[in-house]
file model_26.csv (CSV, C-alpha atoms and all ligand atoms)
chain,number,residue,atom,x,y,z
N,1,MET,CA,0.0,0.0,0.0
N,2,VAL,CA,1.3,3.5,-0.8
N,3,TYR,CA,-0.6,6.6,0.4
N,4,VAL,CA,-0.2,10.0,-1.2
N,5,LYS,CA,-0.9,13.5,0.0
N,6,LEU,CA,-1.4,16.5,-2.3
N,7,GLU,CA,-1.4,20.0,-0.8
N,8,HIS,CA,-2.7,23.3,-2.3
N,9,ASN,CA,-3.3,26.6,-0.4
N,10,GLY,CA,-3.7,24.7,2.9
N,11,TYR,CA,-6.1,22.1,1.5
N,12,ILE,CA,-5.0,18.5,1.6
N,13,GLY,CA,-6.2,15.6,-0.6
N,14,PHE,CA,-5.3,11.9,0.1
N,15,GLY,CA,-5.0,9.0,-2.3
N,16,GLU,CA,-3.9,5.4,-2.2
N,17,ALA,CA,-2.4,2.7,-4.4
N,18,ALA,CA,-3.2,-0.8,-3.4
N,19,LEU,CA,-0.6,-3.2,-4.7
N,20,PRO,CA,-1.6,-6.9,-4.6
N,21,PRO,CA,1.6,-9.1,-5.0
N,22,TYR,CA,0.3,-10.8,-8.2
N,23,LEU,CA,0.3,-7.5,-10.1
N,24,PRO,CA,3.4,-5.8,-11.6
N,25,GLU,CA,3.3,-2.5,-9.7
N,26,THR,CA,5.5,-2.2,-6.6
N,27,GLN,CA,6.1,0.5,-4.0
N,28,ASP,CA,9.2,1.5,-5.9
N,29,SER,CA,7.4,1.8,-9.2
N,30,VAL,CA,4.6,3.8,-7.6
N,31,ILE,CA,7.0,6.2,-6.0
N,32,HIS,CA,8.9,6.5,-9.2
N,33,PHE,CA,5.7,7.5,-11.0
N,34,PHE,CA,4.8,10.0,-8.3
N,35,LYS,CA,8.2,11.7,-8.9
N,36,LYS,CA,7.5,11.8,-12.6
N,37,ALA,CA,4.1,13.3,-11.9
N,38,ALA,CA,5.1,16.0,-9.4
N,39,PRO,CA,6.1,18.7,-12.0
N,40,VAL,CA,2.9,18.0,-14.0
N,41,LEU,CA,0.7,18.4,-10.9
N,42,GLU,CA,2.6,21.5,-9.7
N,43,SER,CA,1.9,23.2,-13.0
N,44,ASN,CA,-1.8,22.1,-13.3
N,45,ILE,CA,-4.3,23.8,-11.1
N,46,ASN,CA,-7.3,22.4,-13.0
N,47,LEU,CA,-8.6,19.0,-12.2
N,48,GLU,CA,-9.4,17.9,-15.8
N,49,GLU,CA,-6.1,19.1,-17.1
N,50,ALA,CA,-4.2,17.4,-14.3
N,51,LEU,CA,-6.0,14.0,-15.0
N,52,THR,CA,-5.4,14.2,-18.7
N,53,ALA,CA,-1.7,15.1,-18.2
N,54,LEU,CA,-1.2,12.1,-15.8
N,55,LYS,CA,-2.5,9.7,-18.5
N,56,THR,CA,0.2,10.7,-20.9
N,57,LEU,CA,3.1,10.0,-18.5
N,58,SER,CA,3.1,6.3,-19.1
N,59,LYS,CA,1.0,3.4,-20.4
N,60,GLU,CA,0.7,1.3,-17.3
N,61,ASP,CA,1.1,2.4,-13.6
N,62,THR,CA,-2.7,2.1,-13.2
N,63,ALA,CA,-2.6,2.0,-9.4
N,64,ALA,CA,-0.1,4.9,-9.1
N,65,LYS,CA,-2.4,6.9,-11.4
N,66,ALA,CA,-5.4,5.9,-9.4
N,67,ALA,CA,-3.7,7.1,-6.2
N,68,LEU,CA,-3.1,10.6,-7.7
N,69,ASP,CA,-6.6,10.6,-9.3
N,70,ILE,CA,-8.2,9.9,-5.9
N,71,ALA,CA,-6.0,12.5,-4.2
N,72,LEU,CA,-6.9,15.1,-6.8
N,73,HIS,CA,-10.7,14.5,-6.5
N,74,ASP,CA,-10.3,14.7,-2.7
N,75,LEU,CA,-8.2,17.9,-2.9
N,76,PHE,CA,-10.4,19.7,-5.5
N,77,GLY,CA,-13.5,18.6,-3.6
N,78,LYS,CA,-12.2,20.3,-0.5
N,79,ILE,CA,-11.2,23.4,-2.4
N,80,GLU,CA,-14.6,23.7,-4.0
N,81,HIS,CA,-16.6,22.4,-0.9
N,82,LYS,CA,-18.1,19.6,-3.0
N,83,ALA,CA,-18.1,15.8,-2.6
N,84,ALA,CA,-16.2,14.0,-5.3
N,85,TRP,CA,-19.5,12.7,-6.7
N,86,GLN,CA,-20.6,16.3,-7.2
N,87,LEU,CA,-17.3,17.2,-8.9
N,88,LEU,CA,-18.0,14.3,-11.3
N,89,ASN,CA,-21.6,15.4,-11.8
N,90,LEU,CA,-22.9,12.0,-10.5
N,91,GLU,CA,-26.0,11.1,-8.4
N,92,LYS,CA,-25.6,11.1,-4.7
N,93,PRO,CA,-24.5,7.6,-3.5
N,94,ALA,CA,-27.1,6.3,-1.0
N,95,PRO,CA,-26.0,3.6,1.4
N,96,LYS,CA,-25.6,0.3,-0.4
N,97,GLU,CA,-25.4,-3.3,0.5
N,98,THR,CA,-21.8,-4.5,0.0
N,99,SER,CA,-20.6,-8.1,-0.2
N,100,VAL,CA,-17.8,-9.2,2.1
N,101,THR,CA,-15.4,-12.0,1.3
N,102,ILE,CA,-15.4,-15.1,3.6
N,103,ALA,CA,-11.8,-16.4,3.6
N,104,ILE,CA,-12.1,-20.2,3.0
N,105,GLY,CA,-9.4,-22.1,4.7
N,106,GLU,CA,-10.4,-25.0,6.8
N,107,ILE,CA,-13.9,-26.2,6.1
N,108,ASN,CA,-14.6,-26.6,9.8
N,109,LEU,CA,-13.9,-22.9,10.4
N,110,ILE,CA,-16.6,-21.8,8.0
N,111,GLU,CA,-19.3,-21.7,10.7
N,112,SER,CA,-17.3,-19.3,12.9
N,113,LYS,CA,-16.3,-17.1,10.0
N,114,LEU,CA,-19.9,-16.7,8.9
N,115,LYS,CA,-20.7,-15.7,12.5
N,116,GLU,CA,-18.0,-12.9,12.3
N,117,LEU,CA,-19.6,-11.6,9.2
N,118,GLU,CA,-23.2,-11.8,10.5
N,119,SER,CA,-23.9,-8.1,10.1
N,120,PHE,CA,-23.3,-8.4,6.3
N,121,HIS,CA,-26.1,-9.7,4.1
N,122,LEU,CA,-24.2,-10.6,1.0
N,123,ILE,CA,-21.2,-13.0,1.2
N,124,LYS,CA,-18.6,-13.4,-1.4
N,125,VAL,CA,-17.0,-16.8,-1.9
N,126,LYS,CA,-13.9,-17.6,-3.9
N,127,LEU,CA,-14.2,-20.9,-5.8
N,128,GLY,CA,-12.1,-22.7,-8.3
N,129,HIS,CA,-10.9,-25.4,-6.0
N,130,ALA,CA,-11.4,-29.2,-6.0
N,131,ASN,CA,-14.0,-28.9,-3.2
N,132,ASP,CA,-16.2,-26.1,-4.5
N,133,ARG,CA,-19.4,-28.0,-3.8
N,134,GLU,CA,-18.3,-28.9,-0.3
N,135,ILE,CA,-17.6,-25.2,0.4
N,136,ILE,CA,-21.0,-24.1,-0.7
N,137,ASP,CA,-22.8,-27.0,1.0
N,138,THR,CA,-21.0,-26.1,4.2
N,139,ILE,CA,-22.0,-22.4,4.0
N,140,ARG,CA,-25.6,-23.4,3.3
N,141,ARG,CA,-25.7,-25.5,6.4
N,142,PHE,CA,-25.2,-22.3,8.5
N,143,SER,CA,-26.5,-19.4,6.3
N,144,GLN,CA,-29.2,-18.8,3.7
N,145,GLN,CA,-27.8,-15.3,2.8
N,146,PRO,CA,-27.4,-14.6,-0.9
N,147,LEU,CA,-23.9,-15.3,-2.1
N,148,VAL,CA,-21.7,-14.0,-4.9
N,149,VAL,CA,-19.0,-16.2,-6.4
N,150,ASP,CA,-15.6,-15.3,-7.7
N,151,VAL,CA,-13.8,-18.1,-9.5
N,152,ASN,CA,-10.6,-16.1,-10.3
N,153,GLN,CA,-10.2,-18.0,-13.7
N,154,GLY,CA,-10.2,-21.3,-11.7
N,155,TRP,CA,-12.4,-23.4,-14.0
N,156,ASN,CA,-10.9,-24.8,-17.2
N,157,ASP,CA,-13.6,-26.9,-18.7
N,158,LYS,CA,-16.7,-25.0,-20.0
N,159,TYR,CA,-19.0,-28.0,-19.6
N,160,GLN,CA,-18.0,-28.4,-15.9
N,161,ALA,CA,-18.3,-24.7,-15.5
N,162,LEU,CA,-21.8,-24.7,-16.8
N,163,GLU,CA,-22.8,-27.5,-14.6
N,164,MET,CA,-21.4,-25.7,-11.6
N,165,ILE,CA,-23.2,-22.5,-12.5
N,166,GLN,CA,-26.5,-24.3,-13.0
N,167,TRP,CA,-26.0,-25.8,-9.6
N,168,LEU,CA,-25.0,-22.4,-8.0
N,169,HIS,CA,-28.1,-20.9,-9.5
N,170,LYS,CA,-30.2,-23.1,-7.2
N,171,GLN,CA,-28.1,-22.1,-4.2
N,172,ASN,CA,-29.2,-18.4,-4.1
N,173,VAL,CA,-26.0,-17.1,-5.9
N,174,LEU,CA,-26.4,-13.7,-7.6
N,175,TYR,CA,-23.5,-13.7,-10.0
N,176,VAL,CA,-20.3,-15.5,-10.9
N,177,GLU,CA,-17.1,-13.6,-11.6
N,178,GLN,CA,-14.4,-14.7,-14.0
N,179,PRO,CA,-15.2,-18.4,-14.3
N,180,LEU,CA,-12.7,-19.2,-17.1
N,181,PRO,CA,-9.1,-18.1,-17.9
N,182,LYS,CA,-9.0,-14.5,-19.0
N,183,ASN,CA,-8.1,-15.0,-22.6
N,184,ASN,CA,-10.5,-17.9,-23.2
N,185,LEU,CA,-13.2,-15.6,-24.8
N,186,PRO,CA,-14.7,-18.2,-27.2
N,187,ASP,CA,-15.6,-20.5,-24.4
N,188,MET,CA,-16.9,-17.5,-22.4
N,189,THR,CA,-19.3,-16.7,-25.2
N,190,TRP,CA,-20.6,-20.3,-25.1
N,191,LEU,CA,-20.9,-20.2,-21.3
N,192,THR,CA,-22.6,-16.7,-21.2
N,193,GLU,CA,-25.2,-17.9,-23.7
N,194,LYS,CA,-26.2,-20.8,-21.6
N,195,SER,CA,-25.6,-19.4,-18.1
N,196,PRO,CA,-28.7,-18.8,-15.8
N,197,LEU,CA,-26.6,-16.4,-13.8
N,198,PRO,CA,-24.8,-13.1,-14.8
N,199,LEU,CA,-21.1,-13.7,-15.5
N,200,LEU,CA,-18.8,-10.8,-14.8
N,201,ALA,CA,-15.4,-10.1,-16.3
N,202,ASP,CA,-12.6,-9.2,-13.7
N,203,GLU,CA,-9.2,-10.4,-15.0
N,204,SER,CA,-10.6,-10.1,-18.6
N,205,PHE,CA,-11.6,-6.4,-18.0
N,206,GLN,CA,-9.0,-3.8,-17.0
N,207,ARG,CA,-9.6,-0.5,-18.7
N,208,TYR,CA,-12.2,1.4,-20.6
N,209,ALA,CA,-10.7,0.2,-23.9
N,210,ASP,CA,-11.4,-3.4,-22.9
N,211,MET,CA,-15.2,-2.9,-23.1
N,212,GLU,CA,-15.4,-3.7,-26.8
N,213,LYS,CA,-13.3,-6.8,-26.2
N,214,ILE,CA,-15.6,-8.4,-23.7
N,215,LEU,CA,-18.9,-7.4,-25.2
N,216,GLY,CA,-20.9,-10.5,-26.0
N,217,HIS,CA,-18.6,-12.7,-24.0
N,218,PHE,CA,-19.7,-11.6,-20.5
N,219,ASN,CA,-22.9,-10.1,-19.0
N,220,GLY,CA,-21.0,-7.5,-17.0
N,221,ILE,CA,-17.8,-6.2,-15.5
N,222,ASN,CA,-16.0,-5.8,-12.2
N,223,LEU,CA,-14.8,-2.2,-12.1
N,224,LYS,CA,-11.9,-1.5,-9.8
N,225,LEU,CA,-10.3,2.0,-9.4
N,226,MET,CA,-6.8,0.4,-9.2
N,227,LYS,CA,-7.3,-1.1,-12.7
N,228,SER,CA,-9.1,1.9,-14.2
N,229,THR,CA,-6.6,4.6,-13.1
N,230,GLY,CA,-9.2,6.1,-10.7
N,231,LEU,CA,-12.5,7.9,-10.7
N,232,GLY,CA,-12.0,9.8,-14.0
N,233,GLU,CA,-11.9,6.7,-16.1
N,234,GLY,CA,-14.0,4.8,-13.6
N,235,LYS,CA,-16.9,7.1,-14.3
N,236,ASP,CA,-16.5,6.8,-18.0
N,237,ILE,CA,-16.5,3.0,-17.7
N,238,ILE,CA,-19.6,2.8,-15.5
N,239,MET,CA,-21.6,5.1,-17.8
N,240,GLU,CA,-20.6,3.3,-20.9
N,241,ALA,CA,-21.3,-0.1,-19.3
N,242,LYS,CA,-24.8,1.0,-18.4
N,243,LYS,CA,-25.4,2.3,-21.9
N,244,ARG,CA,-24.4,-1.1,-23.3
N,245,GLN,CA,-26.6,-2.9,-20.7
N,246,LEU,CA,-23.7,-4.5,-19.0
N,247,LYS,CA,-24.0,-5.3,-15.3
N,248,VAL,CA,-21.5,-3.6,-13.0
N,249,ASN,CA,-20.0,-4.6,-9.8
N,250,ILE,CA,-17.6,-2.2,-8.1
N,251,GLY,CA,-14.8,-4.2,-6.5
N,252,CYS,CA,-11.5,-3.4,-4.8
N,253,MET,CA,-8.1,-4.9,-4.1
N,254,SER,CA,-7.4,-4.4,-0.4
N,255,GLU,CA,-7.8,-0.7,-0.1
N,256,SER,CA,-8.1,1.1,3.2
N,257,SER,CA,-11.0,3.5,3.9
N,258,CYS,CA,-9.2,6.0,1.7
N,259,GLY,CA,-9.6,4.1,-1.6
N,260,ILE,CA,-13.0,2.7,-0.6
N,261,ALA,CA,-14.4,6.1,0.1
N,262,ALA,CA,-13.3,7.0,-3.5
N,263,ALA,CA,-14.8,3.9,-5.1
N,264,ALA,CA,-18.1,4.5,-3.2
N,265,GLN,CA,-18.5,7.8,-5.1
N,266,LEU,CA,-19.7,5.8,-8.1
N,267,MET,CA,-21.9,3.3,-6.2
N,268,HIS,CA,-25.3,4.8,-7.2
N,269,TYR,CA,-24.7,3.4,-10.7
N,270,ALA,CA,-23.5,-0.1,-9.6
N,271,ASP,CA,-25.7,-3.2,-9.6
N,272,TRP,CA,-23.6,-4.6,-6.8
N,273,ILE,CA,-20.6,-3.4,-4.8
N,274,ASP,CA,-17.9,-5.5,-3.3
N,275,LEU,CA,-16.0,-2.8,-1.3
N,276,ASP,CA,-14.9,-4.8,1.8
N,277,GLY,CA,-11.2,-3.6,1.6
N,278,PRO,CA,-11.2,-2.2,5.1
N,279,MET,CA,-12.5,-5.5,6.5
N,280,LEU,CA,-9.5,-7.3,5.0
N,281,ILE,CA,-6.8,-5.2,6.6
N,282,ASN,CA,-6.1,-4.4,10.3
N,283,ASN,CA,-4.1,-1.2,9.9
N,284,ASP,CA,-6.6,1.2,8.3
N,285,PRO,CA,-5.1,4.7,8.8
N,286,PHE,CA,-8.4,6.3,7.5
N,287,THR,CA,-11.9,6.7,8.7
N,288,GLY,CA,-15.0,8.5,7.3
N,289,ILE,CA,-17.0,5.7,5.7
N,290,ALA,CA,-19.1,3.3,7.8
N,291,PHE,CA,-20.4,-0.2,7.4
N,292,THR,CA,-23.9,-0.1,8.9
N,293,ASP,CA,-26.2,-3.2,8.8
N,294,GLY,CA,-24.2,-4.5,5.9
N,295,LYS,CA,-24.4,-1.3,3.9
N,296,LEU,CA,-21.5,1.0,3.0
N,297,VAL,CA,-22.3,4.6,4.0
N,298,LEU,CA,-20.5,7.6,2.7
N,299,PRO,CA,-20.4,10.7,4.9
N,300,ASP,CA,-21.7,14.1,3.8
N,301,ALA,CA,-18.2,15.6,3.4
N,302,PRO,CA,-16.2,17.4,0.7
N,303,GLY,CA,-13.7,15.4,-1.4
N,304,THR,CA,-13.9,11.6,-0.9
N,305,GLY,CA,-14.9,11.9,2.8
N,306,ALA,CA,-11.8,9.9,3.9
N,307,ILE,CA,-10.2,11.3,7.1
N,308,LEU,CA,-6.6,10.4,8.1
N,309,THR,CA,-6.5,9.3,11.8
N,310,THR,CA,-2.9,8.4,12.3
N,311,ASP,CA,0.5,9.9,11.4
N,312,LEU,CA,1.8,8.4,8.2
N,313,PRO,CA,5.5,8.9,7.2
N,314,PHE,CA,5.0,10.8,4.0
N,315,LEU,CA,8.1,11.3,1.9
N,316,SER,CA,8.4,14.5,0.0
N,401,MG,MG,-12.2,-11.1,-9.0

call {"tool": "encode", "arguments": {"input": "model_26.csv", "output": "structure tokens"}}
result
Amino acid sequence: MVYVKLEHNGYIGFGEAALPPYLPETQDSVIHFFKKAAPVLESNINLEEALTALKTLSKEDTAAKAALDIALHDLFGKIEHKAAWQLLNLEKPAPKETSVTIAIGEINLIESKLKELESFHLIKVKLGHANDREIIDTIRRFSQQPLVVDVNQGWNDKYQALEMIQWLHKQNVLYVEQPLPKNNLPDMTWLTEKSPLPLLADESFQRYADMEKILGHFNGINLKLMKSTGLGEGKDIIMEAKKRQLKVNIGCMSESSCGIAAAAQLMHYADWIDLDGPMLINNDPFTGIAFTDGKLVLPDAPGTGAILTTDLPFLS
């Protein structure tokens, strides 16, 4: 995790890059990008121009760009006394049910883990293992809550995948994310045509430009700010997806309340949200958002609404 702070005339905006180990960006690459971006940001006092300029600095660096995009929306929101969703001309995000991931380790711990997550009404389960049915059967012994399923490219055979999806359909599952390997689009088309559940692209969908690529192969997308370079492109993605009748889940990596407060700015337009980042970490330096009765609640506050509560060792 790398946090960033932007200051202008006494106003401060915070942003965050979440860096899961399976993706190419590292702390070093993010800091390197920030250094490259510093002169651009210093000479741009307009939000739109700053965001456009950041895009031209490199092709990748999506999480580093997202961190600066989030910090810019937070900063300009505070300067203009507007929430980030207002800066983006979006509808006000009402509290929304979020899914929360149950970590599947030992089967015999599932009952106690479900108890810990009792206040949430939508559970996310990661499948793609040899004992997928046993996992779901065990959950269903203790909970009848609706489930969402993420296979993380874990099924390889389309016939078995369809059989599983048809079975999951009877288990009160709402959608299945990335059932097949990301480049296997022909089999995805076959599967989507026959699936009784919406199938969402996560690994197969990164940026706005990928929308064309996945059309017809999936029913929807999993939008994450760390993939989309932040709220600027995130807004474009969600609006275009709605226009094309794609379902949208807003997901996350393992962001703190800083990154989640940013993603929540878009949630009015999402079919589902999976913004449980702060539940997955135990060192959240931010507050501001709340999880109330399973719903993610944004505060009425300028910027993203994230508030720093501890001293972070910012470099300069
Ligand atoms: Mg996923």

call {"tool": "closest_atom_pairs", "arguments": {"input": "model_26.csv", "of": "stretch 87-124 of chain N", "to": "stretch 259-271 of chain N", "cutoff": "10 Å", "atoms": "only C-alpha atoms", "output": "CSV"}}
result
residue,atom,partner,partner_atom,distance
N:Leu88,CA,N:Gln265,CA,9.0
N:Leu90,CA,N:Leu266,CA,7.4
N:Glu91,CA,N:His268,CA,6.5
N:Lys92,CA,N:His268,CA,6.8
N:Pro93,CA,N:His268,CA,4.7
N:Ala94,CA,N:His268,CA,6.6
N:Pro95,CA,N:Met267,CA,8.6
N:Lys96,CA,N:Met267,CA,7.5
N:Thr98,CA,N:Met267,CA,10.0

call {"tool": "closest_atom_pairs", "arguments": {"input": "model_26.csv", "of": "chain N", "to": "ligand MG 401 (chain N)", "cutoff": "10 Å", "atoms": "all atoms listed in the file", "output": "tab-separated table"}}
result
residue	atom	partner	partner_atom	distance
N:Lys126	CA	N:MG401	MG	8.4
N:Val149	CA	N:MG401	MG	8.9
N:Asp150	CA	N:MG401	MG	5.6
N:Val151	CA	N:MG401	MG	7.2
N:Asn152	CA	N:MG401	MG	5.4
N:Gln153	CA	N:MG401	MG	8.6
N:Val176	CA	N:MG401	MG	9.4
N:Glu177	CA	N:MG401	MG	6.1
N:Gln178	CA	N:MG401	MG	6.5
N:Pro179	CA	N:MG401	MG	9.5
N:Leu200	CA	N:MG401	MG	8.8
N:Ala201	CA	N:MG401	MG	8.0
N:Asp202	CA	N:MG401	MG	5.1
N:Glu203	CA	N:MG401	MG	6.7
N:Ser204	CA	N:MG401	MG	9.8
N:Ile221	CA	N:MG401	MG	9.9
N:Asn222	CA	N:MG401	MG	7.3
N:Leu223	CA	N:MG401	MG	9.8
N:Lys224	CA	N:MG401	MG	9.6
N:Gly251	CA	N:MG401	MG	7.8
N:Cys252	CA	N:MG401	MG	8.8
N:Met253	CA	N:MG401	MG	8.9
N:Asp274	CA	N:MG401	MG	9.8

call {"tool": "write_last_selection", "arguments": {"input": "model_26.csv", "atoms": "C-alpha atoms", "output": "PDB file, in the frame of the given file"}}
result
ATOM      1  CA  LYS N 126     -13.900 -17.600  -3.900  1.00  0.00           C
ATOM      2  CA  VAL N 149     -19.000 -16.200  -6.400  1.00  0.00           C
ATOM      3  CA  ASP N 150     -15.600 -15.300  -7.700  1.00  0.00           C
ATOM      4  CA  VAL N 151     -13.800 -18.100  -9.500  1.00  0.00           C
ATOM      5  CA  ASN N 152     -10.600 -16.100 -10.300  1.00  0.00           C
ATOM      6  CA  GLN N 153     -10.200 -18.000 -13.700  1.00  0.00           C
ATOM      7  CA  VAL N 176     -20.300 -15.500 -10.900  1.00  0.00           C
ATOM      8  CA  GLU N 177     -17.100 -13.600 -11.600  1.00  0.00           C
ATOM      9  CA  GLN N 178     -14.400 -14.700 -14.000  1.00  0.00           C
ATOM     10  CA  PRO N 179     -15.200 -18.400 -14.300  1.00  0.00           C
ATOM     11  CA  LEU N 200     -18.800 -10.800 -14.800  1.00  0.00           C
ATOM     12  CA  ALA N 201     -15.400 -10.100 -16.300  1.00  0.00           C
ATOM     13  CA  ASP N 202     -12.600  -9.200 -13.700  1.00  0.00           C
ATOM     14  CA  GLU N 203      -9.200 -10.400 -15.000  1.00  0.00           C
ATOM     15  CA  SER N 204     -10.600 -10.100 -18.600  1.00  0.00           C
ATOM     16  CA  ILE N 221     -17.800  -6.200 -15.500  1.00  0.00           C
ATOM     17  CA  ASN N 222     -16.000  -5.800 -12.200  1.00  0.00           C
ATOM     18  CA  LEU N 223     -14.800  -2.200 -12.100  1.00  0.00           C
ATOM     19  CA  LYS N 224     -11.900  -1.500  -9.800  1.00  0.00           C
ATOM     20  CA  GLY N 251     -14.800  -4.200  -6.500  1.00  0.00           C
ATOM     21  CA  CYS N 252     -11.500  -3.400  -4.800  1.00  0.00           C
ATOM     22  CA  MET N 253      -8.100  -4.900  -4.100  1.00  0.00           C
ATOM     23  CA  ASP N 274     -17.900  -5.500  -3.300  1.00  0.00           C
TER      24      ASP N 274
END

call {"tool": "atom_distance", "arguments": {"input": "model_26.csv", "atom1": "atom CA of N:Arg133", "atom2": "atom CA of N:His169"}}
result
12.6 Å

call {"tool": "closest_residue", "arguments": {"input": "model_26.csv", "among": "N:Glu111, N:Asp28, N:Asp187, N:Glu80", "to": "N:Ile136", "atoms": "all atoms listed in the file"}}
result
N:Glu111

call {"tool": "closest_residue", "arguments": {"input": "model_26.csv", "among": "N:Ser257, N:Thr62, N:Asn44, N:Thr26", "to": "N:Thr229", "atoms": "all atoms listed in the file"}}
result
N:Thr62

call {"tool": "closest_residue", "arguments": {"input": "model_26.csv", "among": "N:Tyr22, N:Tyr175, N:Phe205, N:Phe218", "to": "N:Glu193", "atoms": "only C-alpha atoms"}}
result
N:Phe218

call {"tool": "atom_distance", "arguments": {"input": "model_26.csv", "atom1": "atom CA of N:Pro39", "atom2": "atom CA of N:Ile79"}}
result
20.3 Å

call {"tool": "atom_distance", "arguments": {"input": "model_26.csv", "atom1": "atom CA of N:Asn89", "atom2": "atom CA of N:Ile12"}}
result
21.6 Å

call {"tool": "closest_residue", "arguments": {"input": "model_26.csv", "among": "N:Gly305, N:Tyr3, N:Trp272, N:Met279", "to": "N:Glu116", "atoms": "only C-alpha atoms"}}
result
N:Met279

call {"tool": "residues_near_point", "arguments": {"input": "model_26.csv", "point": "(-20.2, -9.8, -0.9)", "cutoff": "7 Å", "atoms": "only C-alpha atoms", "output": "list in words"}}
result
Thr98, Ser99, Val100, Thr101, Leu122, Ile123, Lys124, Leu147, Val148 and Asp274 of chain N

call {"tool": "closest_residue", "arguments": {"input": "model_26.csv", "among": "N:Gly232, N:Gly277, N:Pro181, N:Pro313", "to": "N:Glu49", "atoms": "all atoms listed in the file"}}
result
N:Gly232

call {"tool": "closest_residue", "arguments": {"input": "model_26.csv", "among": "N:Leu51, N:Val297, N:Leu185, N:Leu127", "to": "N:His217", "atoms": "only C-alpha atoms"}}
result
N:Leu185

call {"tool": "residues_around", "arguments": {"input": "model_26.csv", "residues": "N:Trp167", "least_positions_apart": "6", "cutoff": "12 Å", "atoms": "all atoms listed in the file", "output": "PyMOL selection string"}}
result
chain N and resi 132-133+136-137+160-161+173+176+195-197

call {"tool": "residues_around", "arguments": {"input": "model_26.csv", "residues": "N:Phe76", "least_positions_apart": "4", "cutoff": "12 Å", "atoms": "only C-alpha atoms", "output": "PyMOL selection string"}}
result
chain N and resi 6-14+44-48+50-51+68-72+80-88+302-304

call {"tool": "residues_near_point", "arguments": {"input": "model_26.csv", "point": "(-20.2, 1.1, -23.1)", "cutoff": "10 Å", "atoms": "only C-alpha atoms", "output": "PyMOL selection string"}}
result
chain N and resi 208-212+215+236-246

call {"tool": "decode", "arguments": {"input": "model_26.csv", "residues": "stretch 144-181 of chain N", "atoms": "C-alpha atoms", "output": "PDB file, in the first residue's frame"}}
result
ATOM      1  CA  GLN N 144     -29.163 -18.784   3.742  1.00  0.00           C
ATOM      2  CA  GLN N 145     -27.823 -15.307   2.838  1.00  0.00           C
ATOM      3  CA  PRO N 146     -27.409 -14.629  -0.873  1.00  0.00           C
ATOM      4  CA  LEU N 147     -23.893 -15.339  -2.145  1.00  0.00           C
ATOM      5  CA  VAL N 148     -21.719 -13.997  -4.919  1.00  0.00           C
ATOM      6  CA  VAL N 149     -19.005 -16.200  -6.370  1.00  0.00           C
ATOM      7  CA  ASP N 150     -15.552 -15.321  -7.729  1.00  0.00           C
ATOM      8  CA  VAL N 151     -13.766 -18.139  -9.537  1.00  0.00           C
ATOM      9  CA  ASN N 152     -10.600 -16.114 -10.329  1.00  0.00           C
ATOM     10  CA  GLN N 153     -10.162 -17.989 -13.678  1.00  0.00           C
ATOM     11  CA  GLY N 154     -10.177 -21.260 -11.730  1.00  0.00           C
ATOM     12  CA  TRP N 155     -12.359 -23.441 -13.961  1.00  0.00           C
ATOM     13  CA  ASN N 156     -10.870 -24.761 -17.172  1.00  0.00           C
ATOM     14  CA  ASP N 157     -13.593 -26.894 -18.710  1.00  0.00           C
ATOM     15  CA  LYS N 158     -16.650 -25.036 -20.038  1.00  0.00           C
ATOM     16  CA  TYR N 159     -18.993 -28.023 -19.584  1.00  0.00           C
ATOM     17  CA  GLN N 160     -18.036 -28.445 -15.937  1.00  0.00           C
ATOM     18  CA  ALA N 161     -18.265 -24.677 -15.486  1.00  0.00           C
ATOM     19  CA  LEU N 162     -21.825 -24.656 -16.843  1.00  0.00           C
ATOM     20  CA  GLU N 163     -22.827 -27.541 -14.609  1.00  0.00           C
ATOM     21  CA  MET N 164     -21.427 -25.700 -11.578  1.00  0.00           C
ATOM     22  CA  ILE N 165     -23.162 -22.452 -12.526  1.00  0.00           C
ATOM     23  CA  GLN N 166     -26.491 -24.265 -12.975  1.00  0.00           C
ATOM     24  CA  TRP N 167     -26.030 -25.806  -9.551  1.00  0.00           C
ATOM     25  CA  LEU N 168     -25.001 -22.450  -7.992  1.00  0.00           C
ATOM     26  CA  HIS N 169     -28.131 -20.905  -9.520  1.00  0.00           C
ATOM     27  CA  LYS N 170     -30.197 -23.114  -7.199  1.00  0.00           C
ATOM     28  CA  GLN N 171     -28.077 -22.053  -4.195  1.00  0.00           C
ATOM     29  CA  ASN N 172     -29.176 -18.395  -4.138  1.00  0.00           C
ATOM     30  CA  VAL N 173     -26.011 -17.145  -5.863  1.00  0.00           C
ATOM     31  CA  LEU N 174     -26.430 -13.744  -7.577  1.00  0.00           C
ATOM     32  CA  TYR N 175     -23.518 -13.734 -10.026  1.00  0.00           C
ATOM     33  CA  VAL N 176     -20.298 -15.540 -10.944  1.00  0.00           C
ATOM     34  CA  GLU N 177     -17.095 -13.610 -11.579  1.00  0.00           C
ATOM     35  CA  GLN N 178     -14.386 -14.712 -14.025  1.00  0.00           C
ATOM     36  CA  PRO N 179     -15.215 -18.436 -14.303  1.00  0.00           C
ATOM     37  CA  LEU N 180     -12.686 -19.191 -17.074  1.00  0.00           C
ATOM     38  CA  PRO N 181      -9.089 -18.085 -17.853  1.00  0.00           C
TER      39      PRO N 181
END
